[in-house]
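Undergrad: One file is attached below, work36.cif, containing mmCIF, C-alpha atoms.
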data_structure
#
loop_
_atom_site.label_atom_id
_atom_site.label_comp_id
_atom_site.auth_asym_id
_atom_site.auth_seq_id
_atom_site.Cartn_x
_atom_site.Cartn_y
_atom_site.Cartn_z
CA MET A 1 -14.73 -55.36 -26.73
CA ALA A 2 -14.15 -55.94 -30.42
CA ARG A 3 -15.89 -53.71 -32.91
CA ARG A 4 -18.30 -55.60 -35.13
CA ALA A 5 -17.12 -56.51 -38.60
CA THR A 6 -18.08 -54.01 -41.27
CA PRO A 7 -20.40 -55.64 -43.86
CA PHE A 8 -18.66 -54.34 -46.97
CA SER A 9 -19.54 -57.39 -49.06
CA ARG A 10 -22.94 -55.73 -49.51
CA ALA A 11 -21.35 -52.64 -51.06
CA ARG A 12 -18.92 -54.44 -53.32
CA GLY A 13 -19.37 -53.74 -57.00
CA ARG A 14 -21.86 -50.92 -56.51
CA ARG A 15 -20.99 -47.38 -57.52
CA SER A 16 -23.11 -44.53 -56.21
CA ALA A 17 -24.26 -41.64 -58.38
CA GLY A 18 -22.05 -39.29 -56.38
CA ALA A 19 -19.03 -41.53 -56.90
CA TRP A 20 -19.60 -41.72 -60.63
CA ALA A 21 -20.04 -37.96 -60.81
CA LEU A 22 -16.70 -37.37 -59.16
CA ALA A 23 -14.96 -39.77 -61.51
CA ALA A 24 -16.62 -38.23 -64.55
CA THR A 25 -15.66 -34.74 -63.48
CA LEU A 26 -12.04 -35.78 -63.22
CA LEU A 27 -12.23 -37.35 -66.68
CA LEU A 28 -10.23 -40.34 -65.56
CA GLY A 29 -12.08 -42.97 -67.54
CA ALA A 30 -13.43 -46.29 -66.33
CA CYS A 31 -13.94 -47.12 -62.69
CA GLY A 32 -11.32 -48.97 -60.69
CA SER A 33 -11.44 -52.55 -59.54
CA ASN A 34 -12.92 -53.68 -56.26
CA VAL A 35 -10.60 -53.80 -53.29
CA THR A 36 -10.36 -55.73 -50.08
CA ALA A 37 -10.28 -53.79 -46.81
CA ARG A 38 -10.02 -54.47 -43.11
CA ALA A 39 -12.04 -52.50 -40.60
CA PRO A 40 -10.30 -50.82 -37.65
CA VAL A 41 -9.59 -53.22 -34.80
CA VAL A 42 -10.33 -52.26 -31.21
CA GLN A 43 -8.18 -53.69 -28.43
CA GLY A 44 -9.67 -52.82 -25.06
CA ALA A 45 -10.62 -49.15 -25.08
CA GLN A 46 -8.04 -48.09 -27.64
CA PRO A 47 -8.94 -48.43 -31.34
CA ILE A 48 -5.93 -49.52 -33.38
CA PRO A 49 -6.83 -48.83 -37.02
CA ALA A 50 -5.40 -51.36 -39.44
CA PRO A 51 -4.39 -50.23 -42.94
CA MET A 52 -6.97 -50.78 -45.65
CA GLN A 53 -4.45 -52.74 -47.68
CA THR A 54 -4.83 -53.77 -51.29
CA ALA A 55 -3.15 -56.90 -52.60
CA VAL A 56 -0.49 -55.37 -54.83
CA PRO A 57 3.29 -54.98 -54.45
CA ALA A 58 4.17 -52.32 -51.92
CA GLN A 59 6.21 -50.29 -54.42
CA GLN A 60 3.10 -49.73 -56.54
CA THR A 61 0.84 -48.70 -53.67
CA VAL A 62 -0.36 -45.11 -53.30
CA LYS A 63 -0.95 -44.44 -49.62
CA ALA A 64 -3.29 -41.86 -48.11
CA ALA A 65 -3.43 -41.26 -44.36
CA LEU A 66 -6.78 -40.55 -42.70
CA LEU A 67 -6.23 -38.65 -39.44
CA LEU A 68 -9.26 -38.64 -37.12
CA PRO A 69 -10.09 -38.93 -33.40
CA LEU A 70 -10.77 -42.64 -32.90
CA SER A 71 -10.39 -42.69 -29.13
CA GLY A 72 -11.37 -40.35 -26.34
CA SER A 73 -14.37 -38.07 -26.21
CA SER A 74 -14.39 -37.37 -29.95
CA ALA A 75 -14.39 -40.98 -31.13
CA ALA A 76 -18.14 -40.77 -31.78
CA ILE A 77 -17.36 -38.15 -34.43
CA GLY A 78 -14.25 -39.75 -35.87
CA GLN A 79 -15.43 -43.33 -36.26
CA PRO A 80 -18.40 -42.57 -38.57
CA MET A 81 -16.00 -40.58 -40.73
CA VAL A 82 -13.74 -43.63 -41.03
CA ASP A 83 -16.81 -45.69 -41.90
CA ALA A 84 -17.72 -43.19 -44.64
CA ALA A 85 -14.17 -43.27 -45.96
CA GLN A 86 -14.38 -47.04 -46.29
CA ILE A 87 -17.51 -46.70 -48.42
CA ALA A 88 -15.58 -44.31 -50.69
CA LEU A 89 -12.76 -46.84 -50.81
CA PHE A 90 -15.06 -49.49 -52.24
CA ASP A 91 -16.76 -47.00 -54.56
CA MET A 92 -13.67 -45.43 -56.05
CA ALA A 93 -10.34 -47.10 -55.23
CA ALA A 94 -8.17 -49.04 -57.63
CA GLU A 95 -6.17 -52.00 -56.35
CA HIS A 96 -3.00 -50.02 -55.74
CA PHE A 97 -4.62 -47.51 -53.36
CA GLU A 98 -4.24 -47.89 -49.58
CA LEU A 99 -6.06 -45.84 -46.97
CA MET A 100 -4.38 -45.71 -43.56
CA PRO A 101 -6.60 -44.51 -40.67
CA ARG A 102 -4.58 -43.03 -37.80
CA ASP A 103 -5.90 -42.01 -34.38
CA THR A 104 -5.27 -38.37 -33.44
CA LYS A 105 -6.79 -38.94 -29.98
CA GLY A 106 -8.51 -35.59 -30.51
CA THR A 107 -5.44 -33.63 -29.41
CA PRO A 108 -2.84 -31.53 -31.28
CA GLN A 109 0.00 -33.70 -30.01
CA GLY A 110 -1.84 -36.86 -31.00
CA ALA A 111 -2.47 -35.40 -34.46
CA ALA A 112 1.18 -34.43 -34.95
CA ASP A 113 2.35 -37.88 -33.82
CA ALA A 114 -0.16 -39.56 -36.15
CA ALA A 115 1.06 -37.43 -39.07
CA ARG A 116 4.71 -38.29 -38.42
CA LYS A 117 3.97 -42.00 -38.27
CA ALA A 118 1.81 -41.88 -41.39
CA ILE A 119 4.50 -40.05 -43.35
CA ALA A 120 7.09 -42.53 -42.12
CA ASP A 121 4.80 -45.29 -43.39
CA GLY A 122 4.77 -43.75 -46.85
CA ALA A 123 1.66 -41.54 -46.92
CA SER A 124 1.57 -39.35 -50.03
CA ILE A 125 -1.34 -37.26 -48.78
CA ILE A 126 -3.00 -36.61 -45.41
CA LEU A 127 -6.80 -36.46 -45.15
CA GLY A 128 -7.78 -34.70 -41.93
CA PRO A 129 -7.37 -33.96 -39.12
CA LEU A 130 -10.67 -32.60 -37.85
CA TYR A 131 -10.00 -29.84 -35.32
CA SER A 132 -8.36 -26.48 -35.91
CA GLY A 133 -5.67 -27.00 -33.29
CA ASP A 134 -4.90 -30.43 -34.70
CA VAL A 135 -4.47 -28.98 -38.19
CA ALA A 136 -2.11 -26.34 -36.81
CA ALA A 137 -0.01 -29.10 -35.23
CA VAL A 138 0.05 -31.24 -38.38
CA ARG A 139 0.82 -28.42 -40.77
CA PRO A 140 4.58 -28.00 -40.06
CA VAL A 141 5.07 -31.77 -40.01
CA ALA A 142 3.43 -32.19 -43.42
CA GLN A 143 5.04 -29.12 -44.96
CA GLN A 144 8.51 -30.25 -43.94
CA ALA A 145 7.88 -33.61 -45.61
CA GLY A 146 6.24 -32.06 -48.69
CA VAL A 147 2.99 -33.96 -48.08
CA PRO A 148 -0.30 -32.16 -48.91
CA VAL A 149 -3.05 -31.98 -46.30
CA VAL A 150 -6.80 -31.92 -47.01
CA SER A 151 -8.23 -31.18 -43.56
CA PHE A 152 -11.79 -31.40 -42.28
CA THR A 153 -11.76 -28.27 -40.12
CA ASN A 154 -14.03 -25.32 -40.90
CA ASP A 155 -11.43 -22.87 -39.53
CA TRP A 156 -10.44 -20.99 -42.67
CA THR A 157 -7.49 -19.38 -40.84
CA GLN A 158 -5.66 -22.72 -41.09
CA ALA A 159 -5.69 -22.59 -44.90
CA THR A 160 -2.30 -22.09 -46.53
CA SER A 161 -0.21 -23.39 -49.38
CA GLY A 162 -0.38 -27.18 -49.32
CA VAL A 163 -2.92 -27.29 -46.48
CA TRP A 164 -6.56 -27.16 -47.54
CA VAL A 165 -9.61 -26.50 -45.38
CA MET A 166 -12.40 -28.72 -46.68
CA GLY A 167 -14.90 -27.97 -43.91
CA PHE A 168 -17.94 -25.80 -44.52
CA ILE A 169 -16.86 -22.18 -44.17
CA PRO A 170 -19.26 -19.22 -43.98
CA ALA A 171 -18.05 -16.98 -46.82
CA ASP A 172 -19.41 -19.13 -49.69
CA GLN A 173 -22.68 -19.59 -47.82
CA VAL A 174 -23.20 -15.88 -47.18
CA VAL A 175 -22.37 -14.84 -50.74
CA ARG A 176 -24.66 -17.49 -52.21
CA VAL A 177 -27.73 -16.65 -50.13
CA ALA A 178 -27.13 -12.89 -50.49
CA ASP A 179 -26.89 -13.19 -54.28
CA TYR A 180 -30.12 -15.14 -54.34
CA ALA A 181 -31.79 -12.53 -52.12
CA ARG A 182 -30.57 -9.77 -54.44
CA SER A 183 -32.07 -11.63 -57.41
CA ARG A 184 -35.40 -11.47 -55.56
CA GLY A 185 -35.22 -7.71 -55.11
CA VAL A 186 -33.40 -7.29 -51.78
CA THR A 187 -31.21 -4.16 -51.71
CA ARG A 188 -31.09 -3.39 -47.96
CA TYR A 189 -29.53 -5.92 -45.60
CA GLY A 190 -29.14 -6.11 -41.86
CA ALA A 191 -26.97 -8.52 -39.89
CA LEU A 192 -27.08 -10.04 -36.41
CA ALA A 193 -23.82 -11.77 -35.51
CA PRO A 194 -21.86 -12.72 -32.41
CA ARG A 195 -18.51 -11.10 -31.75
CA GLY A 196 -15.61 -13.30 -32.77
CA LEU A 197 -14.03 -14.80 -35.88
CA TYR A 198 -17.19 -16.47 -37.16
CA GLY A 199 -19.27 -13.31 -36.81
CA ASP A 200 -16.49 -11.29 -38.45
CA ALA A 201 -16.40 -13.65 -41.42
CA VAL A 202 -20.17 -13.52 -41.89
CA VAL A 203 -20.39 -9.74 -41.67
CA ASN A 204 -17.38 -9.17 -43.93
CA ALA A 205 -18.77 -11.55 -46.56
CA LEU A 206 -22.17 -9.85 -46.49
CA GLN A 207 -20.64 -6.40 -46.81
CA ALA A 208 -18.48 -7.50 -49.73
CA ALA A 209 -21.46 -9.12 -51.46
CA ALA A 210 -23.64 -6.05 -50.97
CA GLN A 211 -20.95 -3.75 -52.35
CA ARG A 212 -20.57 -5.94 -55.44
CA GLN A 213 -24.37 -6.01 -55.88
CA GLY A 214 -24.80 -2.26 -55.51
CA ALA A 215 -26.86 -2.93 -52.37
CA GLN A 216 -26.47 -1.69 -48.78
CA VAL A 217 -25.86 -3.21 -45.37
CA VAL A 218 -27.94 -0.70 -43.43
CA GLN A 219 -27.34 -2.05 -39.92
CA VAL A 220 -25.01 -4.56 -38.23
CA GLU A 221 -25.54 -5.55 -34.62
CA ARG A 222 -22.88 -7.57 -32.79
CA TYR A 223 -23.35 -9.18 -29.38
CA GLU A 224 -21.42 -11.35 -26.97
CA PRO A 225 -21.35 -15.03 -28.03
CA ALA A 226 -22.91 -16.23 -24.78
CA VAL A 227 -25.70 -13.66 -24.58
CA ALA A 228 -29.00 -15.23 -23.56
CA ASP A 229 -31.38 -12.37 -24.44
CA PHE A 230 -31.30 -11.12 -28.01
CA THR A 231 -33.91 -8.41 -27.50
CA ALA A 232 -31.60 -5.38 -27.55
CA PRO A 233 -29.73 -6.12 -30.79
CA VAL A 234 -32.94 -7.25 -32.49
CA GLN A 235 -34.76 -4.02 -31.64
CA LYS A 236 -31.91 -1.97 -33.11
CA ILE A 237 -32.06 -3.95 -36.35
CA ALA A 238 -35.87 -3.61 -36.42
CA GLY A 239 -35.56 0.15 -36.70
CA ALA A 240 -33.17 0.02 -39.66
CA ASN A 241 -35.75 -0.74 -42.37
CA ALA A 242 -33.82 -3.73 -43.72
CA GLN A 243 -35.51 -5.95 -46.27
CA ALA A 244 -33.51 -9.03 -45.19
CA VAL A 245 -31.57 -9.83 -42.03
CA LEU A 246 -28.71 -12.32 -41.95
CA MET A 247 -28.48 -14.23 -38.66
CA ALA A 248 -25.16 -15.89 -37.87
CA GLU A 249 -26.33 -18.52 -35.42
CA GLY A 250 -27.29 -22.20 -35.50
CA GLY A 251 -28.82 -24.89 -33.32
CA GLN A 252 -30.97 -23.80 -30.40
CA ARG A 253 -29.56 -20.27 -30.53
CA ILE A 254 -30.95 -19.51 -33.96
CA ARG A 255 -34.34 -20.75 -32.84
CA SER A 256 -34.20 -18.36 -29.89
CA LEU A 257 -32.88 -15.49 -32.00
CA ALA A 258 -35.54 -15.94 -34.69
CA ALA A 259 -38.35 -16.13 -32.15
CA THR A 260 -37.06 -12.98 -30.44
CA ALA A 261 -36.81 -11.21 -33.79
CA ALA A 262 -40.36 -12.13 -34.78
CA GLY A 263 -41.65 -10.81 -31.45
CA ASN A 264 -39.71 -7.55 -31.53
CA GLY A 265 -40.45 -5.78 -34.77
CA LEU A 266 -39.01 -8.15 -37.41
CA ASN A 267 -42.06 -9.75 -38.98
CA PRO A 268 -40.75 -12.72 -41.03
CA THR A 269 -43.55 -12.20 -43.56
CA GLN A 270 -42.17 -8.72 -44.28
CA VAL A 271 -38.43 -9.10 -43.54
CA LYS A 272 -36.68 -12.10 -45.04
CA PHE A 273 -34.52 -14.04 -42.58
CA LEU A 274 -31.26 -15.28 -44.08
CA GLY A 275 -28.85 -17.83 -42.62
CA THR A 276 -25.67 -19.81 -43.11
CA GLY A 277 -24.90 -23.51 -43.32
CA LEU A 278 -25.37 -23.69 -39.55
CA TRP A 279 -29.07 -24.00 -40.45
CA ASP A 280 -28.41 -27.30 -42.25
CA ASP A 281 -29.97 -29.05 -39.27
CA PRO A 282 -33.44 -30.65 -39.16
CA ALA A 283 -34.07 -29.18 -35.71
CA VAL A 284 -33.90 -25.65 -37.10
CA ALA A 285 -37.02 -26.23 -39.20
CA GLN A 286 -39.01 -26.78 -36.02
CA GLU A 287 -38.91 -23.06 -35.23
CA PRO A 288 -42.11 -21.42 -36.60
CA ALA A 289 -40.45 -18.01 -36.90
CA LEU A 290 -38.01 -19.44 -39.45
CA ALA A 291 -40.69 -20.66 -41.87
CA GLY A 292 -39.88 -19.15 -45.26
CA ALA A 293 -36.29 -18.25 -44.31
CA TRP A 294 -33.45 -18.88 -46.77
CA PHE A 295 -29.96 -20.30 -46.30
CA ALA A 296 -27.21 -21.75 -48.47
CA ALA A 297 -25.81 -25.26 -48.03
CA PRO A 298 -24.99 -28.41 -50.00
CA ASP A 299 -28.05 -29.95 -51.61
CA PRO A 300 -29.37 -32.55 -49.12
CA ASN A 301 -30.91 -34.57 -51.95
CA GLN A 302 -27.44 -35.36 -53.27
CA ARG A 303 -26.41 -37.06 -50.04
CA ALA A 304 -29.63 -39.05 -49.61
CA ASP A 305 -28.24 -42.14 -51.37
CA PHE A 306 -25.07 -42.02 -49.28
CA GLU A 307 -27.04 -41.70 -46.06
CA ALA A 308 -29.25 -44.66 -47.00
CA ARG A 309 -26.22 -46.81 -47.83
CA PHE A 310 -24.49 -45.83 -44.60
CA GLN A 311 -27.60 -46.72 -42.61
CA SER A 312 -27.82 -50.09 -44.37
CA LEU A 313 -24.16 -50.93 -43.80
CA TYR A 314 -23.70 -49.72 -40.24
CA GLY A 315 -27.20 -49.71 -38.78
CA LYS A 316 -27.07 -46.01 -37.88
CA LYS A 317 -27.34 -42.63 -39.51
CA PRO A 318 -24.10 -40.92 -40.51
CA THR A 319 -23.01 -37.76 -38.76
CA ARG A 320 -23.15 -34.62 -40.88
CA LEU A 321 -19.35 -34.54 -41.21
CA ALA A 322 -19.18 -38.07 -42.62
CA THR A 323 -19.60 -36.76 -46.16
CA LEU A 324 -16.37 -34.78 -45.82
CA ALA A 325 -14.47 -38.01 -45.22
CA TYR A 326 -16.21 -39.70 -48.14
CA ASP A 327 -15.47 -36.88 -50.58
CA ALA A 328 -11.83 -36.49 -49.49
CA THR A 329 -11.18 -40.23 -49.72
CA ALA A 330 -12.91 -40.46 -53.10
CA LEU A 331 -10.79 -37.56 -54.33
CA ALA A 332 -7.56 -39.20 -53.15
CA ALA A 333 -8.55 -42.56 -54.61
CA VAL A 334 -9.51 -41.17 -58.03
CA LEU A 335 -6.37 -39.06 -58.36
CA ALA A 336 -4.29 -42.15 -57.53
CA ARG A 337 -5.78 -44.20 -60.38
CA PRO A 338 -3.50 -43.17 -63.24
CA GLY A 339 -0.39 -44.06 -61.22
CA GLY A 340 2.71 -41.93 -61.54
CA GLU A 341 5.09 -40.62 -58.95
CA ARG A 342 3.11 -37.50 -57.95
CA PRO A 343 -0.63 -38.17 -57.96
CA TYR A 344 -1.19 -35.29 -55.53
CA ASP A 345 0.81 -32.61 -57.25
CA PRO A 346 -0.60 -29.16 -56.32
CA ALA A 347 -1.47 -28.50 -59.97
CA VAL A 348 -3.66 -31.62 -59.96
CA LEU A 349 -5.31 -30.92 -56.61
CA THR A 350 -6.13 -27.35 -57.63
CA ASN A 351 -7.79 -28.27 -60.92
CA PRO A 352 -9.92 -25.14 -61.59
CA THR A 353 -12.74 -27.25 -63.02
CA GLY A 354 -13.28 -28.76 -59.59
CA PHE A 355 -14.60 -32.09 -58.38
CA ALA A 356 -18.17 -33.31 -57.86
CA GLY A 357 -18.70 -34.98 -54.50
CA ILE A 358 -21.60 -35.92 -52.26
CA ASP A 359 -21.64 -32.36 -50.90
CA GLY A 360 -21.70 -30.96 -54.41
CA LEU A 361 -19.15 -29.31 -56.65
CA PHE A 362 -15.97 -28.10 -54.96
CA ARG A 363 -12.47 -27.06 -55.90
CA LEU A 364 -9.29 -26.65 -53.91
CA ARG A 365 -7.93 -23.15 -54.41
CA THR A 366 -4.25 -22.28 -54.27
CA ASP A 367 -4.84 -20.30 -51.06
CA GLY A 368 -5.92 -23.47 -49.22
CA ILE A 369 -9.70 -22.88 -49.26
CA ALA A 370 -12.15 -25.44 -50.61
CA GLU A 371 -14.56 -23.33 -52.64
CA ARG A 372 -18.05 -24.83 -53.01
CA ARG A 373 -21.07 -24.42 -55.21
CA LEU A 374 -24.12 -24.43 -52.95
CA ALA A 375 -27.88 -24.66 -53.24
CA VAL A 376 -30.30 -22.18 -51.66
CA LEU A 377 -32.84 -23.77 -49.36
CA GLU A 378 -36.06 -22.51 -47.82
CA ILE A 379 -37.24 -23.62 -44.41
CA THR A 380 -40.73 -25.11 -44.32
CA PRO A 381 -42.64 -26.87 -41.52
CA GLN A 382 -41.76 -30.15 -43.26
CA GLY A 383 -38.04 -29.33 -43.40
CA ALA A 384 -35.71 -27.50 -45.74
CA ARG A 385 -36.37 -27.65 -49.49
CA VAL A 386 -34.17 -26.57 -52.37
CA ILE A 387 -35.49 -23.45 -54.10
CA ASP A 388 -32.42 -22.70 -56.22
CA PRO A 389 -30.16 -25.60 -57.25
CA ALA A 390 -26.41 -25.41 -56.86
CA PRO A 391 -24.58 -24.11 -59.94
CA THR A 392 -23.08 -26.88 -62.03
CA ASN A 393 -19.71 -25.23 -62.73
CA PHE A 394 -17.34 -22.55 -61.51
CA ASP A 395 -17.76 -20.25 -64.50
CA THR A 396 -21.01 -18.69 -63.33
CA LEU A 397 -23.32 -18.55 -60.36
CA GLY A 398 -26.18 -19.61 -62.62
CA GLN A 399 -27.07 -23.17 -63.55
#
Once you've parsed the file, please lay out its structure as structure tokens.

TA:
Amino acid sequence: MARRATPFSRARGRRSAGAWALAATLLLGACGSNVTARAPVVQGAQPIPAPMQTAVPAQQTVKAALLLPLSGSSAAIGQPMVDAAQIALFDMAAEHFELMPRDTKGTPQGAADAARKAIADGASIILGPLYSGDVAAVRPVAQQAGVPVVSFTNDWTQATSGVWVMGFIPADQVVRVADYARSRGVTRYGALAPRGLYGDAVVNALQAAAQRQGAQVVQVERYEPAVADFTAPVQKIAGANAQAVLMAEGGQRIRSLAATAAGNGLNPTQVKFLGTGLWDDPAVAQEPALAGAWFAAPDPNQRADFEARFQSLYGKKPTRLATLAYDATALAAVLARPGGERPYDPAVLTNPTGFAGIDGLFRLRTDGIAERRLAVLEITPQGARVIDPAPTNFDTLGQ
């Protein structure tokens, strides 16, 4: 069954505030011309993405590959990201920019094959893939060819020279919310975190932040990732006299953990609950025990225009990861505007000033991490609201 045509004529000529901000940050001058694109074509059950080709001589074209799962069980994640990338294409691309979606099939082998084909087709940069194992498979292929990778994984262990992790990682989130808590008088922290890499990253970031602040992490309780009853670790934290407790969970598990905490000695009116970007989920606000809790994440108000445009174009809400594809594509398109043989030179990609995208200000560090400037949000019964805006530069954590 053929996929419906994408109604991009409605977006043509319009530039979103987020798109303009990114262009202005890069100081690249006037916006590019409109382009003509073709949506991915589906033959049977296998999507065959067609290049988003611009009508210019091939030798002048700057090509960026977009590696995402467009078939199999993960297609429902990958396809909205392609859709978001196409919006960025119309917002930001000049006529000599070509975006080439390639199907990873959601597997490491599929990702490696897609990368090889994209490089053979002339890709100067790879955007994606999505999963940690896929990034690990693509990395040697791209490094051998000297092609930079801006991946969408949140697995910071995949970051290395020439391979950036653009997903939302916990360290920035923990430091941001802890610094805000310290500014409100918190000097004694506790932490509840599952065993494993994510829990390690959260705890290590909190301990580093507290040491820098001159504060203390008075108690850390770790538990098995699949534990169903949080009572035991919560009761240990309750006896530690912490002023704020960081909880490294999301989804239904944070709702259960917060409710258990509130019923076992951690009164949320007396002990501030702190969280990570895993709380950037409307369902989390439905938990009464989390009312008044703080977490750090990109400012949701900045992506409201994008979400409305996506809904208008495609008749559905974008997935949360769609903004990653938009920002990465916008970045690739803007850097391609001046022309030149090396639009994605590492010195350009790692501009210390950073880039302003839909998910806020970010910069690609030389160690492969995408560092972000985040807002602090408070959970209310009506949803999360910004209580401290994201810093506007990388020189200071203030505004």

Undergrad: Could you state the separation of CA of Ala262 in chain A and CA of Glu221 in chain A in Å, given to one decimal place?

TA: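 Separation of CA of Ala262 in chain A and CA of Glu221 in chain A: 16.2 Å.
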
Undergrad: So that I can check the surroundings of range 147-163 of chain A, please list as a PyMOL selection string every protein, DNA and RNA residue that reaches within 6 Å of it, counting all atoms listed in the file and ignoring chain neighbours fewer than 3 positions away.

TA: chain A and resi 124-132+142+166-169+367-369

Undergrad: Apply the PyMOL selection byres ((chain A and resi 261) around 9) to the file shown and report the selected residues as an MDAnalysis selection string.

TA: chainID A and resid 230:231 234:235 238 256:260 262:268 289

Undergrad: Could you tell me which residues the PyMOL selection byres ((chain A and resi 187) around 8) grabs in this file, written as a list in words?

TA: Arg182, Gly185, Val186, Arg188, Tyr189, Ala210, Gly214, Ala215, Gln216 and Gln243 of chain A

Undergrad: Of the candidates A:Ala171, A:Ala178, A:Ala244, A:Ala137, which shows the shortest atom-to-atom distance to Gly190 in chain A, using all atoms listed in the file?

TA: A:Ala244

Undergrad: Near range 272-276 of chain A, counting only C-alpha atoms, which residues have an atom at most 7 Å away, once you skip same-chain residues fewer than 3 positions from it, shown as a VMD selection string?

TA: chain A and resid 170 173 to 174 243 to 248 268 279 293 to 296

Undergrad: Between A:Gly122, A:Pro346, A:Pro391, A:Gly339, single out the one closest to Gly360 in chain A, counting all atoms listed in the file.

TA: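 For Gly360 in chain A, the nearest of the candidates is A:Pro391.
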
Undergrad: Would you kindly identify which residues have an atom no farther than 12 Å from (-2.7, -39.5, -59.4), using all atoms listed in the file and the file's own coordinates, and write them out as a PyMOL selection string?

TA: chain A and resi 26+28+61-64+93-94+96-97+124-125+331-349

Undergrad: Could you check how far CA of Phe310 in chain A sits from CA of Pro282 in chain A, in Å to one decimal?

TA: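 Value for the CA of Phe310 in chain A-CA of Pro282 in chain A distance: 18.4 Å.
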
Undergrad: Nearest to Ala375 in chain A: which of A:Thr353, A:Asn301, A:Thr323, A:Gln109 is it, counting only C-alpha atoms?

TA: A:Asn301

Undergrad: Neighbours of Glu378 in chain A within 10 Å (all atoms listed in the file; same-chain residues fewer than 2 positions away dropped), as a list in words?

TA: Leu274, Ala285, Leu290, Ala291, Gly292, Ala293, Trp294, Phe295, Ala296, Val376, Thr380, Gly383, Ala384, Arg385, Val386, Ile387 and Asp388 of chain A

Undergrad: Could you tell me how far CA of Leu324 in chain A sits from CA of Arg363 in chain A, in Å to one decimal place?

TA: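 Distance between the two atoms: 13.3 Å.
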
Undergrad: Quick one: of A:Ser312, A:Arg222, A:Asp172, A:Gly357, who's nearest to Ala325 in chain A, counting only C-alpha atoms?

TA: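 Nearest candidate to Ala325 in chain A out of A:Ser312, A:Arg222, A:Asp172, A:Gly357: A:Gly357.
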
Undergrad: Name the residues that the PyMOL selection byres ((chain A and resi 318) around 12) picks from the file above, as a ChimeraX atom specification, using the file's chain letters and numbers.

TA: /A:76-85,87,303-317,319-326
